[in-house]
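**Q** Below is the file upload21.pdb, which contains PDB, N, CA, C and O atoms, pLDDT in the B column.
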```pdb
ATOM      1  N   MET A   1     -13.917  -7.380  19.210  1.00 68.00           N
ATOM      2  CA  MET A   1     -12.641  -7.970  19.539  1.00 68.00           C
ATOM      3  C   MET A   1     -11.493  -7.009  19.200  1.00 68.00           C
ATOM      4  O   MET A   1     -10.637  -6.765  20.022  1.00 68.00           O
ATOM      5  N   PHE A   2     -11.483  -6.481  17.984  1.00 87.00           N
ATOM      6  CA  PHE A   2     -10.440  -5.540  17.576  1.00 87.00           C
ATOM      7  C   PHE A   2     -11.063  -4.157  17.430  1.00 87.00           C
ATOM      8  O   PHE A   2     -12.039  -3.987  16.719  1.00 87.00           O
ATOM      9  N   LYS A   3     -10.471  -3.175  18.070  1.00 91.00           N
ATOM     10  CA  LYS A   3     -11.022  -1.817  18.056  1.00 91.00           C
ATOM     11  C   LYS A   3     -10.658  -1.047  16.786  1.00 91.00           C
ATOM     12  O   LYS A   3     -11.476  -0.292  16.279  1.00 91.00           O
ATOM     13  N   HIS A   4      -9.450  -1.211  16.326  1.00 92.00           N
ATOM     14  CA  HIS A   4      -8.972  -0.364  15.235  1.00 92.00           C
ATOM     15  C   HIS A   4      -9.841  -0.438  13.972  1.00 92.00           C
ATOM     16  O   HIS A   4     -10.191   0.615  13.425  1.00 92.00           O
ATOM     17  N   PRO A   5     -10.191  -1.624  13.455  1.00 91.00           N
ATOM     18  CA  PRO A   5     -11.026  -1.638  12.243  1.00 91.00           C
ATOM     19  C   PRO A   5     -12.329  -0.847  12.410  1.00 91.00           C
ATOM     20  O   PRO A   5     -12.723  -0.108  11.503  1.00 91.00           O
ATOM     21  N   LYS A   6     -12.955  -0.954  13.558  1.00 90.00           N
ATOM     22  CA  LYS A   6     -14.192  -0.208  13.805  1.00 90.00           C
ATOM     23  C   LYS A   6     -13.925   1.291  13.858  1.00 90.00           C
ATOM     24  O   LYS A   6     -14.744   2.089  13.401  1.00 90.00           O
ATOM     25  N   GLU A   7     -12.786   1.681  14.404  1.00 90.00           N
ATOM     26  CA  GLU A   7     -12.434   3.102  14.492  1.00 90.00           C
ATOM     27  C   GLU A   7     -12.259   3.739  13.114  1.00 90.00           C
ATOM     28  O   GLU A   7     -12.447   4.943  12.958  1.00 90.00           O
ATOM     29  N   VAL A   8     -11.912   2.928  12.132  1.00 91.00           N
ATOM     30  CA  VAL A   8     -11.746   3.434  10.772  1.00 91.00           C
ATOM     31  C   VAL A   8     -12.896   2.998   9.864  1.00 91.00           C
ATOM     32  O   VAL A   8     -12.781   3.013   8.629  1.00 91.00           O
ATOM     33  N   CYS A   9     -14.006   2.599  10.484  1.00 92.00           N
ATOM     34  CA  CYS A   9     -15.249   2.262   9.770  1.00 92.00           C
ATOM     35  C   CYS A   9     -15.079   1.114   8.783  1.00 92.00           C
ATOM     36  O   CYS A   9     -15.574   1.156   7.652  1.00 92.00           O
ATOM     37  N   MET A  10     -14.379   0.086   9.205  1.00 92.00           N
ATOM     38  CA  MET A  10     -14.169  -1.073   8.353  1.00 92.00           C
ATOM     39  C   MET A  10     -14.437  -2.337   9.160  1.00 92.00           C
ATOM     40  O   MET A  10     -14.268  -2.350  10.373  1.00 92.00           O
ATOM     41  N   SER A  11     -14.841  -3.380   8.457  1.00 91.00           N
ATOM     42  CA  SER A  11     -14.945  -4.678   9.108  1.00 91.00           C
ATOM     43  C   SER A  11     -13.532  -5.245   9.248  1.00 91.00           C
ATOM     44  O   SER A  11     -12.580  -4.751   8.626  1.00 91.00           O
ATOM     45  N   TYR A  12     -13.423  -6.287  10.040  1.00 93.00           N
ATOM     46  CA  TYR A  12     -12.112  -6.931  10.198  1.00 93.00           C
ATOM     47  C   TYR A  12     -11.587  -7.402   8.840  1.00 93.00           C
ATOM     48  O   TYR A  12     -10.423  -7.175   8.496  1.00 93.00           O
ATOM     49  N   LEU A  13     -12.450  -8.036   8.061  1.00 93.00           N
ATOM     50  CA  LEU A  13     -12.039  -8.580   6.771  1.00 93.00           C
ATOM     51  C   LEU A  13     -11.637  -7.459   5.802  1.00 93.00           C
ATOM     52  O   LEU A  13     -10.629  -7.580   5.099  1.00 93.00           O
ATOM     53  N   GLU A  14     -12.407  -6.382   5.751  1.00 92.00           N
ATOM     54  CA  GLU A  14     -12.053  -5.251   4.887  1.00 92.00           C
ATOM     55  C   GLU A  14     -10.687  -4.691   5.265  1.00 92.00           C
ATOM     56  O   GLU A  14      -9.849  -4.422   4.401  1.00 92.00           O
ATOM     57  N   HIS A  15     -10.482  -4.510   6.558  1.00 94.00           N
ATOM     58  CA  HIS A  15      -9.217  -3.976   7.043  1.00 94.00           C
ATOM     59  C   HIS A  15      -8.070  -4.932   6.740  1.00 94.00           C
ATOM     60  O   HIS A  15      -6.994  -4.509   6.298  1.00 94.00           O
ATOM     61  N   CYS A  16      -8.293  -6.204   6.933  1.00 94.00           N
ATOM     62  CA  CYS A  16      -7.279  -7.225   6.670  1.00 94.00           C
ATOM     63  C   CYS A  16      -6.885  -7.219   5.189  1.00 94.00           C
ATOM     64  O   CYS A  16      -5.696  -7.209   4.857  1.00 94.00           O
ATOM     65  N   MET A  17      -7.878  -7.199   4.318  1.00 95.00           N
ATOM     66  CA  MET A  17      -7.597  -7.236   2.886  1.00 95.00           C
ATOM     67  C   MET A  17      -6.856  -5.974   2.423  1.00 95.00           C
ATOM     68  O   MET A  17      -5.921  -6.050   1.622  1.00 95.00           O
ATOM     69  N   LEU A  18      -7.244  -4.823   2.934  1.00 95.00           N
ATOM     70  CA  LEU A  18      -6.568  -3.578   2.582  1.00 95.00           C
ATOM     71  C   LEU A  18      -5.119  -3.606   3.070  1.00 95.00           C
ATOM     72  O   LEU A  18      -4.195  -3.243   2.335  1.00 95.00           O
ATOM     73  N   SER A  19      -4.905  -4.052   4.279  1.00 95.00           N
ATOM     74  CA  SER A  19      -3.556  -4.125   4.833  1.00 95.00           C
ATOM     75  C   SER A  19      -2.683  -5.103   4.057  1.00 95.00           C
ATOM     76  O   SER A  19      -1.500  -4.835   3.811  1.00 95.00           O
ATOM     77  N   LEU A  20      -3.260  -6.222   3.655  1.00 97.00           N
ATOM     78  CA  LEU A  20      -2.504  -7.186   2.851  1.00 97.00           C
ATOM     79  C   LEU A  20      -2.169  -6.606   1.484  1.00 97.00           C
ATOM     80  O   LEU A  20      -1.075  -6.835   0.955  1.00 97.00           O
ATOM     81  N   LYS A  21      -3.093  -5.850   0.905  1.00 96.00           N
ATOM     82  CA  LYS A  21      -2.828  -5.199  -0.383  1.00 96.00           C
ATOM     83  C   LYS A  21      -1.682  -4.198  -0.238  1.00 96.00           C
ATOM     84  O   LYS A  21      -0.781  -4.149  -1.069  1.00 96.00           O
ATOM     85  N   PHE A  22      -1.693  -3.399   0.840  1.00 97.00           N
ATOM     86  CA  PHE A  22      -0.600  -2.466   1.087  1.00 97.00           C
ATOM     87  C   PHE A  22       0.724  -3.215   1.249  1.00 97.00           C
ATOM     88  O   PHE A  22       1.759  -2.768   0.753  1.00 97.00           O
ATOM     89  N   SER A  23       0.685  -4.313   1.944  1.00 97.00           N
ATOM     90  CA  SER A  23       1.891  -5.116   2.139  1.00 97.00           C
ATOM     91  C   SER A  23       2.457  -5.569   0.799  1.00 97.00           C
ATOM     92  O   SER A  23       3.669  -5.476   0.557  1.00 97.00           O
ATOM     93  N   TYR A  24       1.586  -6.020  -0.087  1.00 97.00           N
ATOM     94  CA  TYR A  24       2.014  -6.462  -1.417  1.00 97.00           C
ATOM     95  C   TYR A  24       2.583  -5.294  -2.223  1.00 97.00           C
ATOM     96  O   TYR A  24       3.662  -5.400  -2.814  1.00 97.00           O
ATOM     97  N   ILE A  25       1.859  -4.166  -2.230  1.00 97.00           N
ATOM     98  CA  ILE A  25       2.301  -2.986  -2.972  1.00 97.00           C
ATOM     99  C   ILE A  25       3.674  -2.528  -2.474  1.00 97.00           C
ATOM    100  O   ILE A  25       4.570  -2.207  -3.268  1.00 97.00           O
ATOM    101  N   LEU A  26       3.859  -2.492  -1.163  1.00 97.00           N
ATOM    102  CA  LEU A  26       5.125  -2.054  -0.587  1.00 97.00           C
ATOM    103  C   LEU A  26       6.257  -3.050  -0.863  1.00 97.00           C
ATOM    104  O   LEU A  26       7.404  -2.650  -1.074  1.00 97.00           O
ATOM    105  N   PHE A  27       5.931  -4.338  -0.876  1.00 98.00           N
ATOM    106  CA  PHE A  27       6.934  -5.353  -1.192  1.00 98.00           C
ATOM    107  C   PHE A  27       7.438  -5.180  -2.625  1.00 98.00           C
ATOM    108  O   PHE A  27       8.649  -5.149  -2.874  1.00 98.00           O
ATOM    109  N   VAL A  28       6.505  -5.058  -3.558  1.00 97.00           N
ATOM    110  CA  VAL A  28       6.886  -4.853  -4.963  1.00 97.00           C
ATOM    111  C   VAL A  28       7.644  -3.534  -5.105  1.00 97.00           C
ATOM    112  O   VAL A  28       8.655  -3.464  -5.803  1.00 97.00           O
ATOM    113  N   GLY A  29       7.169  -2.500  -4.413  1.00 97.00           N
ATOM    114  CA  GLY A  29       7.843  -1.206  -4.455  1.00 97.00           C
ATOM    115  C   GLY A  29       9.260  -1.279  -3.927  1.00 97.00           C
ATOM    116  O   GLY A  29      10.171  -0.620  -4.450  1.00 97.00           O
ATOM    117  N   SER A  30       9.463  -2.075  -2.903  1.00 97.00           N
ATOM    118  CA  SER A  30      10.789  -2.246  -2.329  1.00 97.00           C
ATOM    119  C   SER A  30      11.741  -2.897  -3.333  1.00 97.00           C
ATOM    120  O   SER A  30      12.895  -2.476  -3.476  1.00 97.00           O
ATOM    121  N   ILE A  31      11.259  -3.890  -4.035  1.00 97.00           N
ATOM    122  CA  ILE A  31      12.087  -4.552  -5.053  1.00 97.00           C
ATOM    123  C   ILE A  31      12.408  -3.578  -6.189  1.00 97.00           C
ATOM    124  O   ILE A  31      13.546  -3.518  -6.665  1.00 97.00           O
ATOM    125  N   LYS A  32      11.410  -2.792  -6.589  1.00 97.00           N
ATOM    126  CA  LYS A  32      11.651  -1.805  -7.648  1.00 97.00           C
ATOM    127  C   LYS A  32      12.652  -0.746  -7.182  1.00 97.00           C
ATOM    128  O   LYS A  32      13.518  -0.327  -7.954  1.00 97.00           O
ATOM    129  N   ALA A  33      12.542  -0.300  -5.939  1.00 97.00           N
ATOM    130  CA  ALA A  33      13.472   0.700  -5.415  1.00 97.00           C
ATOM    131  C   ALA A  33      14.891   0.134  -5.354  1.00 97.00           C
ATOM    132  O   ALA A  33      15.861   0.842  -5.666  1.00 97.00           O
ATOM    133  N   LEU A  34      15.021  -1.103  -4.950  1.00 97.00           N
ATOM    134  CA  LEU A  34      16.334  -1.747  -4.924  1.00 97.00           C
ATOM    135  C   LEU A  34      16.907  -1.853  -6.337  1.00 97.00           C
ATOM    136  O   LEU A  34      18.088  -1.544  -6.566  1.00 97.00           O
ATOM    137  N   THR A  35      16.063  -2.261  -7.278  1.00 97.00           N
ATOM    138  CA  THR A  35      16.496  -2.344  -8.671  1.00 97.00           C
ATOM    139  C   THR A  35      16.915  -0.968  -9.183  1.00 97.00           C
ATOM    140  O   THR A  35      17.949  -0.827  -9.846  1.00 97.00           O
ATOM    141  N   HIS A  36      16.144   0.055  -8.851  1.00 97.00           N
ATOM    142  CA  HIS A  36      16.456   1.426  -9.269  1.00 97.00           C
ATOM    143  C   HIS A  36      17.784   1.907  -8.673  1.00 97.00           C
ATOM    144  O   HIS A  36      18.539   2.625  -9.332  1.00 97.00           O
ATOM    145  N   ALA A  37      18.062   1.500  -7.449  1.00 97.00           N
ATOM    146  CA  ALA A  37      19.332   1.886  -6.817  1.00 97.00           C
ATOM    147  C   ALA A  37      20.527   1.344  -7.599  1.00 97.00           C
ATOM    148  O   ALA A  37      21.550   2.023  -7.738  1.00 97.00           O
ATOM    149  N   ILE A  38      20.367   0.146  -8.143  1.00 97.00           N
ATOM    150  CA  ILE A  38      21.460  -0.497  -8.875  1.00 97.00           C
ATOM    151  C   ILE A  38      21.477  -0.057 -10.340  1.00 97.00           C
ATOM    152  O   ILE A  38      22.532   0.180 -10.919  1.00 97.00           O
ATOM    153  N   TYR A  39      20.282   0.051 -10.929  1.00 97.00           N
ATOM    154  CA  TYR A  39      20.114   0.473 -12.329  1.00 97.00           C
ATOM    155  C   TYR A  39      19.218   1.707 -12.359  1.00 97.00           C
ATOM    156  O   TYR A  39      17.999   1.594 -12.523  1.00 97.00           O
ATOM    157  N   PRO A  40      19.796   2.900 -12.209  1.00 96.00           N
ATOM    158  CA  PRO A  40      19.002   4.129 -12.061  1.00 96.00           C
ATOM    159  C   PRO A  40      18.026   4.429 -13.194  1.00 96.00           C
ATOM    160  O   PRO A  40      17.064   5.167 -12.984  1.00 96.00           O
ATOM    161  N   ASP A  41      18.240   3.884 -14.380  1.00 97.00           N
ATOM    162  CA  ASP A  41      17.318   4.141 -15.485  1.00 97.00           C
ATOM    163  C   ASP A  41      16.074   3.259 -15.444  1.00 97.00           C
ATOM    164  O   ASP A  41      15.168   3.438 -16.256  1.00 97.00           O
ATOM    165  N   MET A  42      16.010   2.335 -14.523  1.00 97.00           N
ATOM    166  CA  MET A  42      14.831   1.468 -14.382  1.00 97.00           C
ATOM    167  C   MET A  42      13.954   1.978 -13.247  1.00 97.00           C
ATOM    168  O   MET A  42      14.453   2.429 -12.216  1.00 97.00           O
ATOM    169  N   TYR A  43      12.666   1.898 -13.424  1.00 96.00           N
ATOM    170  CA  TYR A  43      11.678   2.262 -12.400  1.00 96.00           C
ATOM    171  C   TYR A  43      11.909   3.672 -11.848  1.00 96.00           C
ATOM    172  O   TYR A  43      11.857   3.897 -10.642  1.00 96.00           O
ATOM    173  N   VAL A  44      12.107   4.608 -12.741  1.00 96.00           N
ATOM    174  CA  VAL A  44      12.466   5.977 -12.356  1.00 96.00           C
ATOM    175  C   VAL A  44      11.395   6.631 -11.478  1.00 96.00           C
ATOM    176  O   VAL A  44      11.714   7.319 -10.511  1.00 96.00           O
ATOM    177  N   THR A  45      10.125   6.396 -11.784  1.00 96.00           N
ATOM    178  CA  THR A  45       9.047   7.049 -11.015  1.00 96.00           C
ATOM    179  C   THR A  45       8.286   6.079 -10.115  1.00 96.00           C
ATOM    180  O   THR A  45       7.248   6.439  -9.560  1.00 96.00           O
ATOM    181  N   SER A  46       8.776   4.877  -9.967  1.00 96.00           N
ATOM    182  CA  SER A  46       7.992   3.849  -9.268  1.00 96.00           C
ATOM    183  C   SER A  46       7.681   4.200  -7.809  1.00 96.00           C
ATOM    184  O   SER A  46       6.571   3.952  -7.339  1.00 96.00           O
ATOM    185  N   THR A  47       8.618   4.771  -7.094  1.00 96.00           N
ATOM    186  CA  THR A  47       8.360   5.107  -5.689  1.00 96.00           C
ATOM    187  C   THR A  47       7.349   6.238  -5.576  1.00 96.00           C
ATOM    188  O   THR A  47       6.427   6.176  -4.762  1.00 96.00           O
ATOM    189  N   SER A  48       7.481   7.251  -6.414  1.00 96.00           N
ATOM    190  CA  SER A  48       6.502   8.347  -6.416  1.00 96.00           C
ATOM    191  C   SER A  48       5.115   7.825  -6.794  1.00 96.00           C
ATOM    192  O   SER A  48       4.115   8.196  -6.175  1.00 96.00           O
ATOM    193  N   ASP A  49       5.062   6.962  -7.797  1.00 96.00           N
ATOM    194  CA  ASP A  49       3.787   6.381  -8.224  1.00 96.00           C
ATOM    195  C   ASP A  49       3.158   5.556  -7.102  1.00 96.00           C
ATOM    196  O   ASP A  49       1.947   5.603  -6.879  1.00 96.00           O
ATOM    197  N   LEU A  50       3.983   4.803  -6.398  1.00 96.00           N
ATOM    198  CA  LEU A  50       3.519   3.981  -5.283  1.00 96.00           C
ATOM    199  C   LEU A  50       2.887   4.856  -4.194  1.00 96.00           C
ATOM    200  O   LEU A  50       1.814   4.543  -3.674  1.00 96.00           O
ATOM    201  N   LEU A  51       3.543   5.947  -3.847  1.00 96.00           N
ATOM    202  CA  LEU A  51       3.028   6.834  -2.805  1.00 96.00           C
ATOM    203  C   LEU A  51       1.689   7.444  -3.196  1.00 96.00           C
ATOM    204  O   LEU A  51       0.769   7.528  -2.371  1.00 96.00           O
ATOM    205  N   VAL A  52       1.552   7.831  -4.458  1.00 96.00           N
ATOM    206  CA  VAL A  52       0.286   8.383  -4.948  1.00 96.00           C
ATOM    207  C   VAL A  52      -0.803   7.314  -4.878  1.00 96.00           C
ATOM    208  O   VAL A  52      -1.929   7.580  -4.435  1.00 96.00           O
ATOM    209  N   ASP A  53      -0.480   6.100  -5.286  1.00 95.00           N
ATOM    210  CA  ASP A  53      -1.440   4.990  -5.271  1.00 95.00           C
ATOM    211  C   ASP A  53      -1.915   4.698  -3.853  1.00 95.00           C
ATOM    212  O   ASP A  53      -3.122   4.574  -3.607  1.00 95.00           O
ATOM    213  N   ILE A  54      -0.995   4.594  -2.911  1.00 95.00           N
ATOM    214  CA  ILE A  54      -1.367   4.302  -1.530  1.00 95.00           C
ATOM    215  C   ILE A  54      -2.212   5.432  -0.944  1.00 95.00           C
ATOM    216  O   ILE A  54      -3.211   5.178  -0.265  1.00 95.00           O
ATOM    217  N   LYS A  55      -1.844   6.661  -1.227  1.00 95.00           N
ATOM    218  CA  LYS A  55      -2.614   7.807  -0.724  1.00 95.00           C
ATOM    219  C   LYS A  55      -4.055   7.745  -1.227  1.00 95.00           C
ATOM    220  O   LYS A  55      -5.006   7.921  -0.458  1.00 95.00           O
ATOM    221  N   LYS A  56      -4.243   7.470  -2.515  1.00 94.00           N
ATOM    222  CA  LYS A  56      -5.587   7.366  -3.085  1.00 94.00           C
ATOM    223  C   LYS A  56      -6.378   6.231  -2.430  1.00 94.00           C
ATOM    224  O   LYS A  56      -7.553   6.386  -2.111  1.00 94.00           O
ATOM    225  N   ARG A  57      -5.729   5.088  -2.253  1.00 93.00           N
ATOM    226  CA  ARG A  57      -6.427   3.949  -1.631  1.00 93.00           C
ATOM    227  C   ARG A  57      -6.838   4.263  -0.183  1.00 93.00           C
ATOM    228  O   ARG A  57      -7.925   3.883   0.243  1.00 93.00           O
ATOM    229  N   MET A  58      -5.973   4.944   0.542  1.00 92.00           N
ATOM    230  CA  MET A  58      -6.295   5.279   1.935  1.00 92.00           C
ATOM    231  C   MET A  58      -7.432   6.291   2.006  1.00 92.00           C
ATOM    232  O   MET A  58      -8.263   6.226   2.907  1.00 92.00           O
ATOM    233  N   GLU A  59      -7.462   7.223   1.064  1.00 91.00           N
ATOM    234  CA  GLU A  59      -8.530   8.224   1.053  1.00 91.00           C
ATOM    235  C   GLU A  59      -9.888   7.597   0.739  1.00 91.00           C
ATOM    236  O   GLU A  59     -10.908   8.063   1.222  1.00 91.00           O
ATOM    237  N   LYS A  60      -9.898   6.532  -0.064  1.00 91.00           N
ATOM    238  CA  LYS A  60     -11.145   5.849  -0.420  1.00 91.00           C
ATOM    239  C   LYS A  60     -11.627   4.906   0.671  1.00 91.00           C
ATOM    240  O   LYS A  60     -12.814   4.606   0.766  1.00 91.00           O
ATOM    241  N   ALA A  61     -10.728   4.405   1.479  1.00 90.00           N
ATOM    242  CA  ALA A  61     -11.049   3.363   2.470  1.00 90.00           C
ATOM    243  C   ALA A  61     -11.592   3.964   3.768  1.00 90.00           C
ATOM    244  O   ALA A  61     -11.261   5.098   4.126  1.00 90.00           O
ATOM    245  N   GLY A  62     -12.394   3.200   4.441  1.00 84.00           N
ATOM    246  CA  GLY A  62     -12.845   3.565   5.790  1.00 84.00           C
ATOM    247  C   GLY A  62     -13.785   4.753   5.845  1.00 84.00           C
ATOM    248  O   GLY A  62     -14.563   4.987   4.932  1.00 84.00           O
ATOM    249  N   CYS A  63     -13.706   5.497   6.938  1.00 85.00           N
ATOM    250  CA  CYS A  63     -14.586   6.633   7.204  1.00 85.00           C
ATOM    251  C   CYS A  63     -14.329   7.760   6.214  1.00 85.00           C
ATOM    252  O   CYS A  63     -13.204   8.014   5.841  1.00 85.00           O
ATOM    253  N   HIS A  64     -15.406   8.419   5.847  1.00 68.00           N
ATOM    254  CA  HIS A  64     -15.274   9.567   4.926  1.00 68.00           C
ATOM    255  C   HIS A  64     -15.851  10.802   5.588  1.00 68.00           C
ATOM    256  O   HIS A  64     -16.782  10.815   6.265  1.00 68.00           O
TER
END
```
How does this structure look as structure tokens?
**A**
Amino acid sequence: MFKHPKEVCMSYLEHCMLSLKFSYILFVGSIKALTHAIYPDMYVTSTSDLLVDIKKRMEKAGCH
């Protein structure tokens, strides 16, 4: 039914769960970035940390 999950060697459910996790991580990251914009001493490395985390998760997921 859906081509993309198969193209990345994942089941629909695996792909769905990973995408939802990314959505959550990015949502929290967005709030931290907004907070950092207003209070620069808070969440100083949060965006950089988020990018590293997502990169690692993407490298582990799907086809290798």
**Q** One decimal, Å: what's the distance from atom N of A:Ser19 over to atom C of A:Thr45, could you say?
**A**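 So the two atoms, atom N of A:Ser19 and atom C of A:Thr45, lie 22.0 Å apart.
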**Q** Using the chain letters and numbers from the file, which residues does the PyMOL selection byres ((chain A and resi 52-62) around 7) grab, as a list of chain:residue names?
**A**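 With the shown file as input, the PyMOL selection byres ((chain A and resi 52-62) around 7) matches A:Pro5, A:Val8, A:Cys9, A:Met10, A:Ser46, A:Thr47, A:Ser48, A:Asp49, A:Leu50, A:Leu51, A:Cys63, A:His64.
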**Q** Can you tell me how far atom O of A:Ser11 sits from atom CA of A:Ser23, in Å to one decimal?
**A**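 Interatomic distance here is 15.9 Å.
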**Q** I'd like to know which residues of chain A are alpha helix (DSSP H) (by DSSP, run on the backbone); could you write them as a ChimeraX atom specification?
**A** /A:3-7,12-38,46-60
**Q** Please report the interatomic distance between atom N of A:Leu18 and atom N of A:His4 in Å with one decimal.
**A**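 Atom N of A:His4 lies at a distance of 14.0 Å from atom N of A:Leu18.
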**Q** Can you list, as a ChimeraX atom specification, every protein, DNA or RNA residue that comes within 12 Å of A:Tyr43 when you count only C-alpha atoms, leaving out same-chain residues fewer than 5 positions away?
**A** /A:28-38,48-50
**Q** Could the centre and edge lengths of an axis-aligned box, enclosing all atoms of stretch 11-27 of chain A in the file with 4 Å extra on each side, be given in Å to one decimal as AutoDock Vina command-line options?
**A**
```
--center_x -3.1 --center_y -5.3 --center_z 3.5 --size_x 31.6 --size_y 14.5 --size_z 21.5
```
